[in-house]
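Enquirer: Before we start, here is the structure in question, set down as structure tokens.
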Amino acid sequence: MLDTATPAEPSHISRALNPLRAALRLALDLALPPLCPGCREPLGDGAGLCAACWSKLSLIEPPFCARLGIPFTYDPGPGLLSMEAIANPPAYDRARAAVRYDDIARALVHRFKYGDRLDLAPMMGRWMARAGSELLGDADALIPVPLHWRRLWARRFNQSAALAGVISSLCGAPVLHRCLKRVRATAQQVGLNKSERAENVQGAFKVPPERKADIAGRRLVLVDDVLTSGATVDACARVLLRAGAAHVDVVVFARVVAPLRTPI
Ligand SMILES: [Zn+2]
């Protein structure tokens, strides 16, 4: 009886086929139009979001809390703060986000972070630079929220550093990559409440002693992809201020926004 099973490729053949497979994959990637990260439909013009998903994105526009950037239901005039900013002021000074963290923003962030869609960084970074223009105009340097080295190794890139790179190219402030380190691997914040999140990131970040001179007296902007409770950027800001930074602001792509706030 004939053996119809495919024999394993001898290793020299397998080695020879690898570049061929890589070339084939590249050719397929070039032939197939990129998919919209929101709805997975092919994109006609090749970049960003399709028109339907674009219209569903919820950009955060004024009026919002001068401190936290949380949108208000009506315009109370310049400089007004939300209840949260007064009751529980963060270590950072101001935060701005490009969009609300809703289903479409979540899809974008997930494709970017876990789907190897680094090509989304320029679009997301542009929106962040626009939302944070006031803060970025005052900035001496940008600091991406760091990943622990084990997570960086698994994901192969730090999404916050990729976004900071795009923002830097638009606003001119340099990115400082080694001034803030995540020294403790923390559990994912998903599913934790506000106090658990703060506890989870306690002691997770550090400014290496040899880098303190780089941030001393400087105005910094922390860059991250998503702001949920703010515990992560708050922990980062505390550490940077303790190490001598003059001022810390925050720019994120998306922030969780509870129902619209009325200013007090
Ligand atoms: Zn779409």
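Residue numbering restarts at 1 for every chain of the structure tokens, chains are lettered A, B, ... in their displayed order, and ligands are numbered from 1 as they appear.
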Taking only C-alpha atoms and all ligand atoms into account, produce a table as a tab-separated table in which each residue of chain A with an atom at most 12 Å from an atom of ligand 1 appears once, together with its shortest atom pair and the distance in Å to one decimal, ordered by chain and rising number.

Expert:
```
residue	atom	partner	partner_atom_place_in_ligand_line	distance
A:Pro34	CA	ligand 1	1 (Zn)	11.0
A:Leu35	CA	ligand 1	1 (Zn)	7.9
A:Cys36	CA	ligand 1	1 (Zn)	4.6
A:Pro37	CA	ligand 1	1 (Zn)	6.4
A:Gly38	CA	ligand 1	1 (Zn)	4.5
A:Cys39	CA	ligand 1	1 (Zn)	4.1
A:Arg40	CA	ligand 1	1 (Zn)	6.2
A:Glu41	CA	ligand 1	1 (Zn)	6.0
A:Pro42	CA	ligand 1	1 (Zn)	8.2
A:Leu43	CA	ligand 1	1 (Zn)	7.8
A:Gly44	CA	ligand 1	1 (Zn)	10.8
A:Gly46	CA	ligand 1	1 (Zn)	11.9
A:Ala47	CA	ligand 1	1 (Zn)	11.0
A:Gly48	CA	ligand 1	1 (Zn)	9.0
A:Leu49	CA	ligand 1	1 (Zn)	5.6
A:Cys50	CA	ligand 1	1 (Zn)	4.3
A:Ala51	CA	ligand 1	1 (Zn)	6.7
A:Ala52	CA	ligand 1	1 (Zn)	5.7
A:Cys53	CA	ligand 1	1 (Zn)	4.2
A:Trp54	CA	ligand 1	1 (Zn)	7.2
A:Ser55	CA	ligand 1	1 (Zn)	9.4
A:Lys56	CA	ligand 1	1 (Zn)	9.1
A:Leu57	CA	ligand 1	1 (Zn)	10.3
A:Asp103	CA	ligand 1	1 (Zn)	11.8
A:Ile104	CA	ligand 1	1 (Zn)	8.7
A:Ala105	CA	ligand 1	1 (Zn)	11.3
A:Ala107	CA	ligand 1	1 (Zn)	10.0
A:Leu108	CA	ligand 1	1 (Zn)	9.8
```

Enquirer: Would you put the residues from that selection into a file with N, CA and C atoms, as an mmCIF file, in the first residue's frame?

Expert:
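What follows is the written file again_29.cif:
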```
data_model
loop_
_atom_site.group_PDB
_atom_site.id
_atom_site.type_symbol
_atom_site.label_atom_id
_atom_site.label_comp_id
_atom_site.auth_asym_id
_atom_site.auth_seq_id
_atom_site.Cartn_x
_atom_site.Cartn_y
_atom_site.Cartn_z
ATOM 1 N N PRO A 34 -4.817 46.671 2.935
ATOM 2 C CA PRO A 34 -4.897 46.578 4.391
ATOM 3 C C PRO A 34 -6.358 46.638 4.844
ATOM 4 N N LEU A 35 -6.619 46.002 6.003
ATOM 5 C CA LEU A 35 -7.988 45.990 6.518
ATOM 6 C C LEU A 35 -8.183 47.126 7.507
ATOM 7 N N CYS A 36 -9.384 47.649 7.557
ATOM 8 C CA CYS A 36 -9.718 48.667 8.551
ATOM 9 C C CYS A 36 -9.589 48.023 9.933
ATOM 10 N N PRO A 37 -8.844 48.637 10.852
ATOM 11 C CA PRO A 37 -8.687 48.034 12.174
ATOM 12 C C PRO A 37 -9.990 48.004 12.976
ATOM 13 N N GLY A 38 -10.971 48.810 12.553
ATOM 14 C CA GLY A 38 -12.232 48.845 13.286
ATOM 15 C C GLY A 38 -13.188 47.740 12.874
ATOM 16 N N CYS A 39 -13.352 47.535 11.556
ATOM 17 C CA CYS A 39 -14.405 46.617 11.080
ATOM 18 C C CYS A 39 -13.870 45.487 10.216
ATOM 19 N N ARG A 40 -12.562 45.471 9.942
ATOM 20 C CA ARG A 40 -11.927 44.422 9.145
ATOM 21 C C ARG A 40 -12.326 44.449 7.668
ATOM 22 N N GLU A 41 -12.935 45.523 7.214
ATOM 23 C CA GLU A 41 -13.228 45.660 5.784
ATOM 24 C C GLU A 41 -11.969 46.193 5.092
ATOM 25 N N PRO A 42 -11.752 45.786 3.813
ATOM 26 C CA PRO A 42 -10.559 46.314 3.115
ATOM 27 C C PRO A 42 -10.635 47.838 2.998
ATOM 28 N N LEU A 43 -9.473 48.461 3.146
ATOM 29 C CA LEU A 43 -9.417 49.927 3.072
ATOM 30 C C LEU A 43 -9.064 50.335 1.653
ATOM 31 N N GLY A 44 -9.878 51.195 1.066
ATOM 32 C CA GLY A 44 -9.612 51.624 -0.300
ATOM 33 C C GLY A 44 -8.314 52.396 -0.426
ATOM 34 N N GLY A 46 -5.856 52.665 1.744
ATOM 35 C CA GLY A 46 -4.653 52.035 2.280
ATOM 36 C C GLY A 46 -4.212 52.404 3.672
ATOM 37 N N ALA A 47 -4.807 53.386 4.327
ATOM 38 C CA ALA A 47 -4.276 53.706 5.651
ATOM 39 C C ALA A 47 -5.379 54.166 6.593
ATOM 40 N N GLY A 48 -5.111 54.024 7.870
ATOM 41 C CA GLY A 48 -6.028 54.563 8.881
ATOM 42 C C GLY A 48 -7.298 53.761 9.028
ATOM 43 N N LEU A 49 -8.407 54.464 9.169
ATOM 44 C CA LEU A 49 -9.715 53.862 9.404
ATOM 45 C C LEU A 49 -10.608 54.070 8.185
ATOM 46 N N CYS A 50 -11.615 53.198 8.016
ATOM 47 C CA CYS A 50 -12.568 53.437 6.931
ATOM 48 C C CYS A 50 -13.486 54.596 7.350
ATOM 49 N N ALA A 51 -14.209 55.136 6.374
ATOM 50 C CA ALA A 51 -15.039 56.319 6.656
ATOM 51 C C ALA A 51 -16.099 56.008 7.707
ATOM 52 N N ALA A 52 -16.672 54.788 7.643
ATOM 53 C CA ALA A 52 -17.738 54.436 8.599
ATOM 54 C C ALA A 52 -17.188 54.393 10.021
ATOM 55 N N CYS A 53 -16.009 53.777 10.210
ATOM 56 C CA CYS A 53 -15.428 53.683 11.554
ATOM 57 C C CYS A 53 -14.944 55.058 12.015
ATOM 58 N N TRP A 54 -14.418 55.833 11.084
ATOM 59 C CA TRP A 54 -13.963 57.180 11.424
ATOM 60 C C TRP A 54 -15.126 57.972 12.034
ATOM 61 N N SER A 55 -16.308 57.846 11.415
ATOM 62 C CA SER A 55 -17.456 58.631 11.892
ATOM 63 C C SER A 55 -17.921 58.143 13.262
ATOM 64 N N LYS A 56 -17.550 56.894 13.635
ATOM 65 C CA LYS A 56 -17.972 56.365 14.942
ATOM 66 C C LYS A 56 -16.992 56.739 16.056
ATOM 67 N N LEU A 57 -15.763 57.162 15.677
ATOM 68 C CA LEU A 57 -14.776 57.525 16.715
ATOM 69 C C LEU A 57 -15.258 58.752 17.467
ATOM 70 N N ASP A 103 -15.906 51.177 21.899
ATOM 71 C CA ASP A 103 -15.669 49.933 21.148
ATOM 72 C C ASP A 103 -14.695 50.135 19.982
ATOM 73 N N ILE A 104 -14.864 51.236 19.268
ATOM 74 C CA ILE A 104 -14.037 51.445 18.080
ATOM 75 C C ILE A 104 -12.593 51.790 18.483
ATOM 76 N N ALA A 105 -12.442 52.592 19.544
ATOM 77 C CA ALA A 105 -11.094 52.914 20.028
ATOM 78 C C ALA A 105 -10.423 51.657 20.585
ATOM 79 N N ALA A 107 -10.943 48.595 19.588
ATOM 80 C CA ALA A 107 -10.539 47.774 18.447
ATOM 81 C C ALA A 107 -9.230 48.293 17.856
ATOM 82 N N LEU A 108 -9.129 49.598 17.724
ATOM 83 C CA LEU A 108 -7.902 50.205 17.187
ATOM 84 C C LEU A 108 -6.700 49.884 18.078
#
```

Enquirer: Please run DSSP on the backbone and report, as a ChimeraX atom specification, all residues within region 20-225 of chain A that come out as alpha helix (DSSP H).

Expert: /A:20-31,51-56,83-87,103-114,121-131,133-137,149-155,159-171,194-200,212-215

Enquirer: With only C-alpha atoms as the basis for distance, which of A:Ile60, A:Ile215, A:Leu170, A:Leu118 is at the shortest distance from Leu241 (chain A)?

Expert: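 So, comparing all the options, the nearest one is A:Ile215.
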
Enquirer: Can you tell me, as a list in words, what residues are no more than 7 Å from Pro146 (chain A) when counting only C-alpha atoms, ignoring any on the same chain fewer than 2 positions away?

Expert: Pro144, His148, Leu180, Lys181 and Arg182 of chain A

Enquirer: How far is it from CA of Ser229 (chain A) to CA of Asp249 (chain A), in Å with one decimal?

Expert: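 Taking CA of Ser229 (chain A) and CA of Asp249 (chain A), their separation equals 15.6 Å.
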
Enquirer: Here is a test: counting only C-alpha atoms, which residue of A:Gln202, A:Ser58, A:Ser168, A:Thr186 is nearest to Asp234 (chain A)?

Expert: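 The shortest atom-to-atom distance to Asp234 (chain A) comes from A:Gln202.
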
Enquirer: Going by DSSP on the backbone, which residues of region 25-195 of chain A come out as strand (DSSP E or B)? List them as a count of residues only.

Expert: 19

Enquirer: Counting only C-alpha atoms, which of A:Leu152, A:Val166, A:Leu147, A:Ala185 gets nearest to Trp127 (chain A)?

Expert: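 Using only C-alpha atoms, Trp127 (chain A) sits closest to A:Val166.
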
Enquirer: How many Å separate CA of Ala95 (chain A) from CA of Arg155 (chain A)?

Expert: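 Computing the Euclidean distance for CA of Ala95 (chain A) and CA of Arg155 (chain A) yields 26.3 Å.
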
Enquirer: Interatomic distance between CA of Ser82 (chain A) and CA of Leu192 (chain A)?

Expert: 23.4 Å

Enquirer: Select, from A:Ala173, A:Ile70, A:Ala235, A:Ala254, the residue with the minimum atom-to-atom distance to Val207 (chain A), counting only C-alpha atoms.

Expert: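 Selected residue with least distance to Val207 (chain A): A:Ala235.
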
Enquirer: Would you mind telling me which residue in A:Ala204, A:Ala245, A:His177, A:Leu227 lies nearest to Arg106 (chain A) when using only C-alpha atoms?

Expert: A:Leu227

Enquirer: Which residue is closest to Arg255 (chain A)? Choose from A:Met128, A:Ile86, A:Leu81, A:Leu220 and count only C-alpha atoms.

Expert: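 Once distances to Arg255 (chain A) are computed over only C-alpha atoms, the minimum belongs to A:Met128.
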